[in-house]
file query08.cif (mmCIF, C-alpha atoms)
data_entry
loop_
_atom_site.group_PDB
_atom_site.id
_atom_site.type_symbol
_atom_site.label_atom_id
_atom_site.label_comp_id
_atom_site.auth_asym_id
_atom_site.auth_seq_id
_atom_site.Cartn_x
_atom_site.Cartn_y
_atom_site.Cartn_z
ATOM 1 C CA MET A 1 -54.601 68.275 54.416
ATOM 2 C CA GLU A 2 -53.703 66.222 57.482
ATOM 3 C CA HIS A 3 -50.270 66.913 58.915
ATOM 4 C CA GLN A 4 -48.114 63.859 59.608
ATOM 5 C CA GLN A 5 -45.072 65.313 61.314
ATOM 6 C CA SER A 6 -44.772 62.988 64.295
ATOM 7 C CA TYR A 7 -41.109 62.193 64.735
ATOM 8 C CA TRP A 8 -41.816 58.478 64.278
ATOM 9 C CA TYR A 9 -43.936 58.910 61.161
ATOM 10 C CA LEU A 10 -42.821 57.245 57.919
ATOM 11 C CA GLU A 11 -42.641 60.563 56.088
ATOM 12 C CA ASN A 12 -41.942 59.859 52.418
ATOM 13 C CA VAL A 13 -41.352 56.126 52.769
ATOM 14 C CA ASP A 14 -44.125 54.003 51.260
ATOM 15 C CA MET A 15 -43.976 51.066 53.646
ATOM 16 C CA THR A 16 -47.028 49.450 52.069
ATOM 17 C CA ASP A 17 -44.966 49.099 48.900
ATOM 18 C CA ILE A 18 -41.742 48.104 50.664
ATOM 19 C CA LEU A 19 -43.475 45.479 52.816
ATOM 20 C CA CYS A 20 -45.127 43.877 49.792
ATOM 21 C CA PRO A 21 -44.525 40.088 50.125
ATOM 22 C CA THR A 22 -43.009 39.854 46.634
ATOM 23 C CA LYS A 23 -40.452 42.539 47.536
ATOM 24 C CA LEU A 24 -39.569 40.679 50.721
ATOM 25 C CA GLY A 25 -39.051 37.519 48.708
ATOM 26 C CA THR A 26 -41.648 35.684 50.738
ATOM 27 C CA THR A 27 -45.289 34.694 50.606
ATOM 28 C CA LYS A 28 -48.124 36.507 52.268
ATOM 29 C CA ASP A 29 -48.489 33.728 54.819
ATOM 30 C CA GLN A 30 -44.841 34.117 55.844
ATOM 31 C CA LEU A 31 -45.134 37.876 56.376
ATOM 32 C CA GLU A 32 -46.100 38.050 60.022
ATOM 33 C CA HIS A 33 -49.042 40.196 61.023
ATOM 34 C CA LYS A 34 -50.268 40.387 64.602
ATOM 35 C CA SER A 35 -53.478 41.877 65.927
ATOM 36 C CA PHE A 36 -53.955 43.145 69.470
ATOM 37 C CA ARG A 37 -57.059 44.087 71.420
ATOM 38 C CA LYS A 38 -57.403 47.336 73.314
ATOM 39 C CA GLY A 39 -55.295 47.149 76.469
ATOM 40 C CA ASP A 40 -53.056 44.308 75.244
ATOM 41 C CA TYR A 41 -49.330 44.731 75.878
ATOM 42 C CA ILE A 42 -47.259 44.140 72.755
ATOM 43 C CA PHE A 43 -44.029 43.979 74.724
ATOM 44 C CA LEU A 44 -42.863 44.829 78.239
ATOM 45 C CA PRO A 45 -39.627 46.184 79.755
ATOM 46 C CA GLY A 46 -36.984 43.501 80.160
ATOM 47 C CA GLU A 47 -38.237 41.279 77.352
ATOM 48 C CA TYR A 48 -35.885 40.109 74.635
ATOM 49 C CA ALA A 49 -35.885 42.588 71.757
ATOM 50 C CA ASP A 50 -35.673 40.993 68.326
ATOM 51 C CA LYS A 51 -38.667 42.431 66.432
ATOM 52 C CA ILE A 52 -39.589 45.740 64.810
ATOM 53 C CA PHE A 53 -43.259 46.687 64.468
ATOM 54 C CA PHE A 54 -45.120 48.735 61.849
ATOM 55 C CA ILE A 55 -48.660 49.858 62.651
ATOM 56 C CA MET A 56 -50.996 48.935 59.830
ATOM 57 C CA GLU A 57 -54.130 49.965 61.726
ATOM 58 C CA GLY A 58 -54.873 51.285 65.204
ATOM 59 C CA ARG A 59 -52.900 53.155 67.872
ATOM 60 C CA VAL A 60 -50.079 52.180 70.229
ATOM 61 C CA LYS A 61 -48.832 53.766 73.436
ATOM 62 C CA ILE A 62 -45.084 53.672 74.199
ATOM 63 C CA GLY A 63 -44.097 54.216 77.817
ATOM 64 C CA ALA A 64 -42.185 53.148 80.879
ATOM 65 C CA PHE A 65 -42.822 52.474 84.555
ATOM 66 C CA SER A 66 -41.150 54.375 87.380
ATOM 67 C CA GLU A 67 -39.739 52.584 90.421
ATOM 68 C CA ASN A 68 -43.003 53.131 92.292
ATOM 69 C CA GLY A 69 -45.024 51.759 89.383
ATOM 70 C CA LYS A 70 -46.220 55.063 87.944
ATOM 71 C CA GLU A 71 -46.732 55.026 84.190
ATOM 72 C CA ILE A 72 -44.761 57.474 82.039
ATOM 73 C CA THR A 73 -46.049 57.918 78.488
ATOM 74 C CA LYS A 74 -43.348 58.651 75.932
ATOM 75 C CA ALA A 75 -45.306 58.593 72.683
ATOM 76 C CA ILE A 76 -48.630 57.670 71.144
ATOM 77 C CA LEU A 77 -48.336 56.290 67.629
ATOM 78 C CA GLY A 78 -50.813 55.648 64.845
ATOM 79 C CA GLN A 79 -51.172 54.064 61.428
ATOM 80 C CA GLY A 80 -47.992 54.127 59.354
ATOM 81 C CA GLU A 81 -45.630 54.521 62.301
ATOM 82 C CA VAL A 82 -42.883 52.278 63.589
ATOM 83 C CA PHE A 83 -41.851 51.212 67.069
ATOM 84 C CA GLY A 84 -39.552 48.753 68.776
ATOM 85 C CA GLU A 85 -36.675 49.750 66.500
ATOM 86 C CA LEU A 86 -33.887 49.830 69.116
ATOM 87 C CA PRO A 87 -32.657 46.284 68.252
ATOM 88 C CA LEU A 88 -31.262 47.909 65.095
ATOM 89 C CA ALA A 89 -28.983 49.943 67.385
ATOM 90 C CA GLY A 90 -27.758 46.833 69.207
ATOM 91 C CA GLU A 91 -30.233 46.816 72.106
ATOM 92 C CA ASP A 92 -31.308 43.263 72.935
ATOM 93 C CA GLN A 93 -33.651 44.082 75.824
ATOM 94 C CA ARG A 94 -36.788 46.214 75.874
ATOM 95 C CA ARG A 95 -36.597 49.401 77.927
ATOM 96 C CA ASN A 96 -40.186 50.475 77.341
ATOM 97 C CA PHE A 97 -43.603 48.902 77.146
ATOM 98 C CA SER A 98 -45.943 49.127 74.172
ATOM 99 C CA MET A 99 -49.693 48.773 74.526
ATOM 100 C CA ALA A 100 -52.557 48.760 72.027
ATOM 101 C CA MET A 101 -54.903 51.699 72.689
ATOM 102 C CA GLU A 102 -57.553 50.218 70.425
ATOM 103 C CA THR A 103 -57.833 47.197 68.146
ATOM 104 C CA THR A 104 -54.461 47.323 66.385
ATOM 105 C CA THR A 105 -52.833 45.375 63.577
ATOM 106 C CA THR A 106 -49.053 45.371 63.162
ATOM 107 C CA CYS A 107 -46.642 44.011 60.608
ATOM 108 C CA VAL A 108 -43.808 42.359 62.508
ATOM 109 C CA LEU A 109 -40.306 42.032 61.057
ATOM 110 C CA SER A 110 -37.292 40.334 62.507
ATOM 111 C CA VAL A 111 -34.052 42.258 62.850
ATOM 112 C CA ALA A 112 -32.626 40.219 59.966
ATOM 113 C CA GLN A 113 -35.560 41.088 57.699
ATOM 114 C CA MET A 114 -35.285 44.750 58.625
ATOM 115 C CA LYS A 115 -31.543 44.829 57.933
ATOM 116 C CA ASN A 116 -32.174 43.297 54.516
ATOM 117 C CA LEU A 117 -34.696 46.029 53.768
ATOM 118 C CA LEU A 118 -32.237 48.684 54.913
ATOM 119 C CA ARG A 119 -29.663 47.332 52.457
ATOM 120 C CA GLU A 120 -32.191 47.349 49.618
ATOM 121 C CA HIS A 121 -33.842 50.725 50.319
ATOM 122 C CA SER A 122 -31.564 53.681 50.984
ATOM 123 C CA THR A 123 -34.535 55.844 52.018
ATOM 124 C CA LEU A 124 -35.084 53.566 54.997
ATOM 125 C CA ASN A 125 -31.558 54.247 56.264
ATOM 126 C CA ILE A 126 -32.263 57.981 56.218
ATOM 127 C CA PHE A 127 -35.602 57.407 57.896
ATOM 128 C CA PHE A 128 -34.149 55.435 60.797
ATOM 129 C CA MET A 129 -31.423 58.042 61.263
ATOM 130 C CA LYS A 130 -34.234 60.597 61.586
ATOM 131 C CA ILE A 131 -35.980 58.409 64.142
ATOM 132 C CA MET A 132 -32.916 58.300 66.401
ATOM 133 C CA GLY A 133 -32.124 61.983 66.027
ATOM 134 C CA ASN A 134 -35.688 63.200 66.432
ATOM 135 C CA ARG A 135 -36.292 60.991 69.443
ATOM 136 C CA MET A 136 -33.301 62.601 71.152
ATOM 137 C CA LEU A 137 -34.493 66.099 70.269
ATOM 138 C CA GLU A 138 -37.999 65.316 71.503
ATOM 139 C CA MET A 139 -36.696 64.012 74.827
ATOM 140 C CA GLU A 140 -34.548 67.133 75.246
ATOM 141 C CA LYS A 141 -37.562 69.323 74.493
ATOM 142 C CA ARG A 142 -39.682 67.513 77.066
ATOM 143 C CA LEU A 143 -36.923 67.767 79.675
ATOM 144 C CA GLU A 144 -36.589 71.513 79.095
ATOM 145 C CA SER A 145 -40.358 71.849 79.354
ATOM 146 C CA LEU A 146 -40.369 70.062 82.709
ATOM 147 C CA VAL A 147 -37.611 72.308 84.061
ATOM 148 C CA PHE A 148 -38.646 75.693 82.687
ATOM 149 C CA LYS A 149 -42.434 75.573 82.186
ATOM 150 C CA ASP A 150 -45.330 75.235 84.598
ATOM 151 C CA SER A 151 -47.905 72.466 84.297
ATOM 152 C CA ARG A 152 -50.559 74.643 82.616
ATOM 153 C CA THR A 153 -48.098 75.785 79.946
ATOM 154 C CA ARG A 154 -47.050 72.191 79.266
ATOM 155 C CA VAL A 155 -50.649 71.161 78.625
ATOM 156 C CA VAL A 156 -51.372 74.150 76.344
ATOM 157 C CA GLU A 157 -48.132 73.611 74.444
ATOM 158 C CA TYR A 158 -48.988 69.947 73.987
ATOM 159 C CA LEU A 159 -52.371 70.844 72.479
ATOM 160 C CA LYS A 160 -50.675 73.236 70.063
ATOM 161 C CA ASP A 161 -48.127 70.587 69.061
ATOM 162 C CA LEU A 162 -50.960 68.095 68.642
ATOM 163 C CA CYS A 163 -52.548 70.389 66.047
ATOM 164 C CA ASN A 164 -49.257 70.729 64.187
ATOM 165 C CA THR A 165 -48.520 67.006 64.168
ATOM 166 C CA ARG A 166 -51.941 65.339 64.008
ATOM 167 C CA GLY A 167 -54.364 68.095 63.143
ATOM 168 C CA GLN A 168 -56.459 68.586 60.040
ATOM 169 C CA ARG A 169 -57.181 72.166 59.039
ATOM 170 C CA VAL A 170 -60.812 72.946 58.287
ATOM 171 C CA GLY A 171 -61.161 76.591 57.306
ATOM 172 C CA TYR A 172 -59.763 78.619 60.191
ATOM 173 C CA GLU A 173 -60.116 75.742 62.658
ATOM 174 C CA TRP A 174 -58.101 72.622 63.401
ATOM 175 C CA VAL A 175 -59.533 69.173 64.109
ATOM 176 C CA VAL A 176 -57.627 66.432 65.937
ATOM 177 C CA ARG A 177 -59.480 63.142 65.723
ATOM 178 C CA LYS A 178 -59.210 60.339 68.277
ATOM 179 C CA PHE A 179 -58.542 62.826 71.036
ATOM 180 C CA LEU A 180 -56.756 61.439 74.088
ATOM 181 C CA THR A 181 -58.182 60.989 77.558
ATOM 182 C CA HIS A 182 -57.299 63.519 80.236
ATOM 183 C CA GLN A 183 -55.132 60.925 81.970
ATOM 184 C CA GLU A 184 -53.211 60.162 78.772
ATOM 185 C CA ILE A 185 -52.490 63.864 78.264
ATOM 186 C CA ALA A 186 -51.415 64.090 81.900
ATOM 187 C CA ASN A 187 -49.015 61.172 81.412
ATOM 188 C CA LEU A 188 -47.519 62.817 78.325
ATOM 189 C CA THR A 189 -47.087 66.226 79.971
ATOM 190 C CA ALA A 190 -46.049 65.084 83.463
ATOM 191 C CA THR A 191 -49.056 66.778 85.031
ATOM 192 C CA SER A 192 -52.189 65.521 86.793
ATOM 193 C CA ARG A 193 -55.543 64.569 85.311
ATOM 194 C CA GLN A 194 -57.133 67.354 87.361
ATOM 195 C CA THR A 195 -54.751 69.926 85.842
ATOM 196 C CA VAL A 196 -55.546 68.766 82.322
ATOM 197 C CA THR A 197 -59.294 68.944 82.999
ATOM 198 C CA THR A 198 -58.945 72.454 84.437
ATOM 199 C CA VAL A 199 -56.901 73.721 81.484
ATOM 200 C CA LEU A 200 -59.257 72.217 78.897
ATOM 201 C CA ASN A 201 -62.273 73.714 80.631
ATOM 202 C CA GLU A 202 -60.588 77.139 80.811
ATOM 203 C CA LEU A 203 -59.752 77.070 77.098
ATOM 204 C CA GLU A 204 -63.259 75.937 76.243
ATOM 205 C CA GLY A 205 -64.660 78.745 78.375
ATOM 206 C CA LYS A 206 -62.625 81.216 76.311
ATOM 207 C CA ASN A 207 -64.058 79.636 73.124
ATOM 208 C CA ILE A 208 -60.544 78.681 71.993
ATOM 209 C CA ILE A 209 -61.328 74.957 71.866
ATOM 210 C CA THR A 210 -64.187 72.491 72.095
ATOM 211 C CA TYR A 211 -63.628 68.798 72.709
ATOM 212 C CA ASN A 212 -65.147 65.428 73.462
ATOM 213 C CA ARG A 213 -63.860 61.861 73.627
ATOM 214 C CA ARG A 214 -63.693 61.601 69.826
ATOM 215 C CA ARG A 215 -62.067 64.864 68.798
ATOM 216 C CA LEU A 216 -60.446 68.155 69.723
ATOM 217 C CA LEU A 217 -61.515 71.250 67.779
ATOM 218 C CA VAL A 218 -59.187 74.252 68.039
ATOM 219 C CA ARG A 219 -61.218 77.260 66.985
ATOM 220 C CA ASP A 220 -58.341 79.738 67.142
ATOM 221 C CA LEU A 221 -54.798 78.357 66.939
ATOM 222 C CA GLU A 222 -53.291 81.827 67.330
ATOM 223 C CA ALA A 223 -55.233 82.395 70.542
ATOM 224 C CA LEU A 224 -54.149 78.966 71.784
ATOM 225 C CA THR A 225 -50.520 79.858 71.082
ATOM 226 C CA GLY A 226 -51.049 83.073 73.025
ATOM 227 C CA GLU A 227 -51.969 81.018 76.080
ATOM 228 C CA ILE A 228 -48.443 79.598 76.244
ATOM 229 C CA LYS A 229 -46.611 81.280 79.082
ATOM 230 C CA ILE A 230 -43.020 82.216 78.226
ATOM 231 C CA MET A 231 -40.753 81.823 81.249
#
call {"tool": "encode", "arguments": {"input": "query08.cif", "output": "structure tokens"}}
result
Amino acid sequence: MEHQQSYWYLENVDMTDILCPTKLGTTKDQLEHKSFRKGDYIFLPGEYADKIFFIMEGRVKIGAFSENGKEITKAILGQGEVFGELPLAGEDQRRNFSMAMETTTTCVLSVAQMKNLLREHSTLNIFFMKIMGNRMLEMEKRLESLVFKDSRTRVVEYLKDLCNTRGQRVGYEWVVRKFLTHQEIANLTATSRQTVTTVLNELEGKNIITYNRRRLLVRDLEALTGEIKIM
């Protein structure tokens, strides 16, 4: 069974049902859907924030730019996940960018539509409280990792977390489909592409993992966990 534990995942909330046009009191044509090609920006820092997005198909990268223009990846989201929700907390300007990593279709709701749904569906209120809380915990975890763990450990720990959040267990092995590029992993772990390549090759040499552009196969999750250096 595929694990869906990403902190932005719509755990037990059936958004397909909630976003049904008849439940929104609108017609299908009025329910806005937007498609984006790979590499398209959905929004950029500084833009007016008045929409919330649900991913119906595809993948989206959430990130920011440093003062010198370096990209910082904060999250990579897939089907069934939500982003751009900060307007619900009173933010009227985007702090991050969002970019389609492949052909992506989103359902777009205005803040007013989303607030109506929150009034009608108590489970959504709990869900968005989880989003805010889990985002804070995730940022704290990443900060601690940057301070207390070396770059190799951060990469190995990320691979382990990837199995827990996105992996599918097949016998004694774990498969993560749509594996990220080395640069994307580097952006998520605040390391370099060269470091990521070195770590992946080392783990493959130990027969702990195999990988290609389409998937990551973890042959021994316990051995992978053992590669995490405790400071």
call {"tool": "closest_atom_pairs", "arguments": {"input": "query08.cif", "of": "region 80-192 of chain A", "to": "region 47-67 of chain A", "cutoff": "8 Å", "atoms": "all atoms listed in the file", "output": "CSV"}}
result
residue,atom,partner,partner_atom,distance
A:Gly80,CA,A:Ile55,CA,5.4
A:Glu81,CA,A:Ile55,CA,5.6
A:Val82,CA,A:Phe54,CA,4.5
A:Phe83,CA,A:Phe53,CA,5.4
A:Gly84,CA,A:Ile52,CA,5.0
A:Glu85,CA,A:Ile52,CA,5.2
A:Leu86,CA,A:Ala49,CA,8.0
A:Pro87,CA,A:Ala49,CA,6.0
A:Glu91,CA,A:Ala49,CA,7.1
A:Asp92,CA,A:Ala49,CA,4.8
A:Gln93,CA,A:Tyr48,CA,4.7
A:Arg94,CA,A:Glu47,CA,5.4
A:Arg95,CA,A:Ala64,CA,7.3
A:Asn96,CA,A:Ala64,CA,4.9
A:Phe97,CA,A:Gly63,CA,5.4
A:Ser98,CA,A:Ile62,CA,4.6
A:Met99,CA,A:Lys61,CA,5.2
A:Ala100,CA,A:Val60,CA,4.6
A:Met101,CA,A:Arg59,CA,5.4
A:Glu102,CA,A:Gly58,CA,6.0
A:Thr103,CA,A:Gly58,CA,5.8
A:Thr104,CA,A:Gly58,CA,4.2
A:Thr105,CA,A:Glu57,CA,5.1
A:Thr106,CA,A:Ile55,CA,4.5
A:Cys107,CA,A:Phe54,CA,5.1
A:Val108,CA,A:Phe53,CA,4.8
A:Leu109,CA,A:Ile52,CA,5.3
A:Ser110,CA,A:Lys51,CA,4.7
A:Val111,CA,A:Lys51,CA,5.8
A:Met114,CA,A:Ile52,CA,7.6
call {"tool": "residues_around", "arguments": {"input": "query08.cif", "residues": "region 215-218 of chain A", "least_positions_apart": "3", "cutoff": "6 Å", "atoms": "all atoms listed in the file", "output": "VMD selection string"}}
result
chain A and resid 173 to 179 209 to 212
call {"tool": "atom_distance", "arguments": {"input": "query08.cif", "atom1": "CA of Asn164 (chain A)", "atom2": "CA of Leu137 (chain A)"}}
result
16.6 Å
call {"tool": "atom_distance", "arguments": {"input": "query08.cif", "atom1": "CA of Leu188 (chain A)", "atom2": "CA of Thr73 (chain A)"}}
result
5.1 Å
call {"tool": "residues_around", "arguments": {"input": "query08.cif", "residues": "region 200-207 of chain A", "least_positions_apart": "4", "cutoff": "12 Å", "atoms": "only C-alpha atoms", "output": "number ranges by chain"}}
result
A: 152-153, 155-156, 158-159, 173, 181-182, 185-186, 193-196, 211-212, 216-221, 223-228
call {"tool": "atom_distance", "arguments": {"input": "query08.cif", "atom1": "CA of Arg37 (chain A)", "atom2": "CA of Leu180 (chain A)"}}
result
17.6 Å
call {"tool": "decode", "arguments": {"input": "query08.cif", "residues": "region 61-73 of chain A", "atoms": "all heavy atoms", "output": "PDB file, in the first residue's frame"}}
result
ATOM      1  N   LYS A  61       6.463  22.090  -7.585  1.00  0.00           N
ATOM      2  CA  LYS A  61       7.555  22.445  -6.686  1.00  0.00           C
ATOM      3  C   LYS A  61       7.224  23.777  -5.998  1.00  0.00           C
ATOM      4  O   LYS A  61       6.800  24.729  -6.647  1.00  0.00           O
ATOM      5  CB  LYS A  61       8.861  22.602  -7.464  1.00  0.00           C
ATOM      6  CG  LYS A  61      10.063  23.017  -6.613  1.00  0.00           C
ATOM      7  CD  LYS A  61      11.238  23.471  -7.464  1.00  0.00           C
ATOM      8  CE  LYS A  61      11.717  22.352  -8.354  1.00  0.00           C
ATOM      9  NZ  LYS A  61      12.934  22.778  -9.130  1.00  0.00           N
ATOM     10  N   ILE A  62       7.404  23.826  -4.676  1.00  0.00           N
ATOM     11  CA  ILE A  62       7.237  25.052  -3.903  1.00  0.00           C
ATOM     12  C   ILE A  62       8.611  25.482  -3.431  1.00  0.00           C
ATOM     13  O   ILE A  62       9.365  24.680  -2.867  1.00  0.00           O
ATOM     14  CB  ILE A  62       6.321  24.834  -2.678  1.00  0.00           C
ATOM     15  CG1 ILE A  62       4.981  24.223  -3.101  1.00  0.00           C
ATOM     16  CG2 ILE A  62       6.113  26.150  -1.921  1.00  0.00           C
ATOM     17  CD1 ILE A  62       4.145  25.104  -3.986  1.00  0.00           C
ATOM     18  N   GLY A  63       8.968  26.742  -3.645  1.00  0.00           N
ATOM     19  CA  GLY A  63      10.301  27.184  -3.247  1.00  0.00           C
ATOM     20  C   GLY A  63      10.400  28.688  -3.137  1.00  0.00           C
ATOM     21  O   GLY A  63       9.409  29.418  -3.242  1.00  0.00           O
ATOM     22  N   ALA A  64      11.614  29.138  -2.916  1.00  0.00           N
ATOM     23  CA  ALA A  64      11.892  30.564  -2.781  1.00  0.00           C
ATOM     24  C   ALA A  64      13.239  30.856  -3.419  1.00  0.00           C
ATOM     25  O   ALA A  64      14.006  29.936  -3.732  1.00  0.00           O
ATOM     26  CB  ALA A  64      11.891  30.974  -1.314  1.00  0.00           C
ATOM     27  N   PHE A  65      13.534  32.141  -3.602  1.00  0.00           N
ATOM     28  CA  PHE A  65      14.810  32.562  -4.147  1.00  0.00           C
ATOM     29  C   PHE A  65      15.570  33.353  -3.093  1.00  0.00           C
ATOM     30  O   PHE A  65      14.997  34.206  -2.405  1.00  0.00           O
ATOM     31  CB  PHE A  65      14.623  33.429  -5.397  1.00  0.00           C
ATOM     32  CG  PHE A  65      13.938  32.715  -6.532  1.00  0.00           C
ATOM     33  CD1 PHE A  65      12.640  33.050  -6.902  1.00  0.00           C
ATOM     34  CD2 PHE A  65      14.594  31.718  -7.234  1.00  0.00           C
ATOM     35  CE1 PHE A  65      12.003  32.401  -7.942  1.00  0.00           C
ATOM     36  CE2 PHE A  65      13.960  31.050  -8.280  1.00  0.00           C
ATOM     37  CZ  PHE A  65      12.680  31.396  -8.629  1.00  0.00           C
ATOM     38  N   SER A  66      16.866  33.053  -2.952  1.00  0.00           N
ATOM     39  CA  SER A  66      17.697  33.816  -2.030  1.00  0.00           C
ATOM     40  C   SER A  66      18.037  35.160  -2.661  1.00  0.00           C
ATOM     41  O   SER A  66      17.714  35.424  -3.822  1.00  0.00           O
ATOM     42  CB  SER A  66      18.985  33.048  -1.712  1.00  0.00           C
ATOM     43  OG  SER A  66      19.777  32.911  -2.887  1.00  0.00           O
ATOM     44  N   GLU A  67      18.702  36.023  -1.898  1.00  0.00           N
ATOM     45  CA  GLU A  67      19.042  37.353  -2.393  1.00  0.00           C
ATOM     46  C   GLU A  67      19.954  37.291  -3.610  1.00  0.00           C
ATOM     47  O   GLU A  67      19.920  38.180  -4.464  1.00  0.00           O
ATOM     48  CB  GLU A  67      19.692  38.177  -1.282  1.00  0.00           C
ATOM     49  CG  GLU A  67      18.728  38.546  -0.160  1.00  0.00           C
ATOM     50  CD  GLU A  67      19.385  39.429   0.885  1.00  0.00           C
ATOM     51  OE1 GLU A  67      20.594  39.721   0.742  1.00  0.00           O
ATOM     52  OE2 GLU A  67      18.686  39.828   1.836  1.00  0.00           O
ATOM     53  N   ASN A  68      20.784  36.256  -3.687  1.00  0.00           N
ATOM     54  CA  ASN A  68      21.675  36.128  -4.848  1.00  0.00           C
ATOM     55  C   ASN A  68      21.065  35.295  -5.969  1.00  0.00           C
ATOM     56  O   ASN A  68      21.748  34.918  -6.927  1.00  0.00           O
ATOM     57  CB  ASN A  68      23.026  35.534  -4.427  1.00  0.00           C
ATOM     58  CG  ASN A  68      22.887  34.140  -3.825  1.00  0.00           C
ATOM     59  OD1 ASN A  68      21.803  33.563  -3.833  1.00  0.00           O
ATOM     60  ND2 ASN A  68      23.973  33.607  -3.310  1.00  0.00           N
ATOM     61  N   GLY A  69      19.767  34.991  -5.847  1.00  0.00           N
ATOM     62  CA  GLY A  69      19.057  34.298  -6.906  1.00  0.00           C
ATOM     63  C   GLY A  69      19.085  32.793  -6.832  1.00  0.00           C
ATOM     64  O   GLY A  69      18.543  32.111  -7.707  1.00  0.00           O
ATOM     65  N   LYS A  70      19.692  32.236  -5.786  1.00  0.00           N
ATOM     66  CA  LYS A  70      19.739  30.780  -5.650  1.00  0.00           C
ATOM     67  C   LYS A  70      18.367  30.247  -5.266  1.00  0.00           C
ATOM     68  O   LYS A  70      17.678  30.814  -4.427  1.00  0.00           O
ATOM     69  CB  LYS A  70      20.765  30.375  -4.595  1.00  0.00           C
ATOM     70  CG  LYS A  70      20.915  28.870  -4.445  1.00  0.00           C
ATOM     71  CD  LYS A  70      21.976  28.503  -3.414  1.00  0.00           C
ATOM     72  CE  LYS A  70      22.105  27.000  -3.265  1.00  0.00           C
ATOM     73  NZ  LYS A  70      23.112  26.613  -2.254  1.00  0.00           N
ATOM     74  N   GLU A  71      17.999  29.129  -5.882  1.00  0.00           N
ATOM     75  CA  GLU A  71      16.691  28.530  -5.608  1.00  0.00           C
ATOM     76  C   GLU A  71      16.744  27.667  -4.350  1.00  0.00           C
ATOM     77  O   GLU A  71      17.667  26.883  -4.158  1.00  0.00           O
ATOM     78  CB  GLU A  71      16.243  27.688  -6.793  1.00  0.00           C
ATOM     79  CG  GLU A  71      14.907  27.004  -6.600  1.00  0.00           C
ATOM     80  CD  GLU A  71      14.551  26.102  -7.755  1.00  0.00           C
ATOM     81  OE1 GLU A  71      14.493  26.592  -8.896  1.00  0.00           O
ATOM     82  OE2 GLU A  71      14.353  24.890  -7.518  1.00  0.00           O
ATOM     83  N   ILE A  72      15.738  27.807  -3.499  1.00  0.00           N
ATOM     84  CA  ILE A  72      15.589  26.986  -2.306  1.00  0.00           C
ATOM     85  C   ILE A  72      14.272  26.226  -2.439  1.00  0.00           C
ATOM     86  O   ILE A  72      13.212  26.834  -2.546  1.00  0.00           O
ATOM     87  CB  ILE A  72      15.564  27.842  -1.026  1.00  0.00           C
ATOM     88  CG1 ILE A  72      16.848  28.661  -0.917  1.00  0.00           C
ATOM     89  CG2 ILE A  72      15.375  26.965   0.212  1.00  0.00           C
ATOM     90  CD1 ILE A  72      16.781  29.748   0.135  1.00  0.00           C
ATOM     91  N   THR A  73      14.343  24.911  -2.478  1.00  0.00           N
ATOM     92  CA  THR A  73      13.133  24.097  -2.603  1.00  0.00           C
ATOM     93  C   THR A  73      12.579  23.784  -1.217  1.00  0.00           C
ATOM     94  O   THR A  73      13.300  23.276  -0.362  1.00  0.00           O
ATOM     95  CB  THR A  73      13.432  22.785  -3.348  1.00  0.00           C
ATOM     96  OG1 THR A  73      13.966  23.090  -4.634  1.00  0.00           O
ATOM     97  CG2 THR A  73      12.159  21.968  -3.520  1.00  0.00           C
TER      98      THR A  73
END
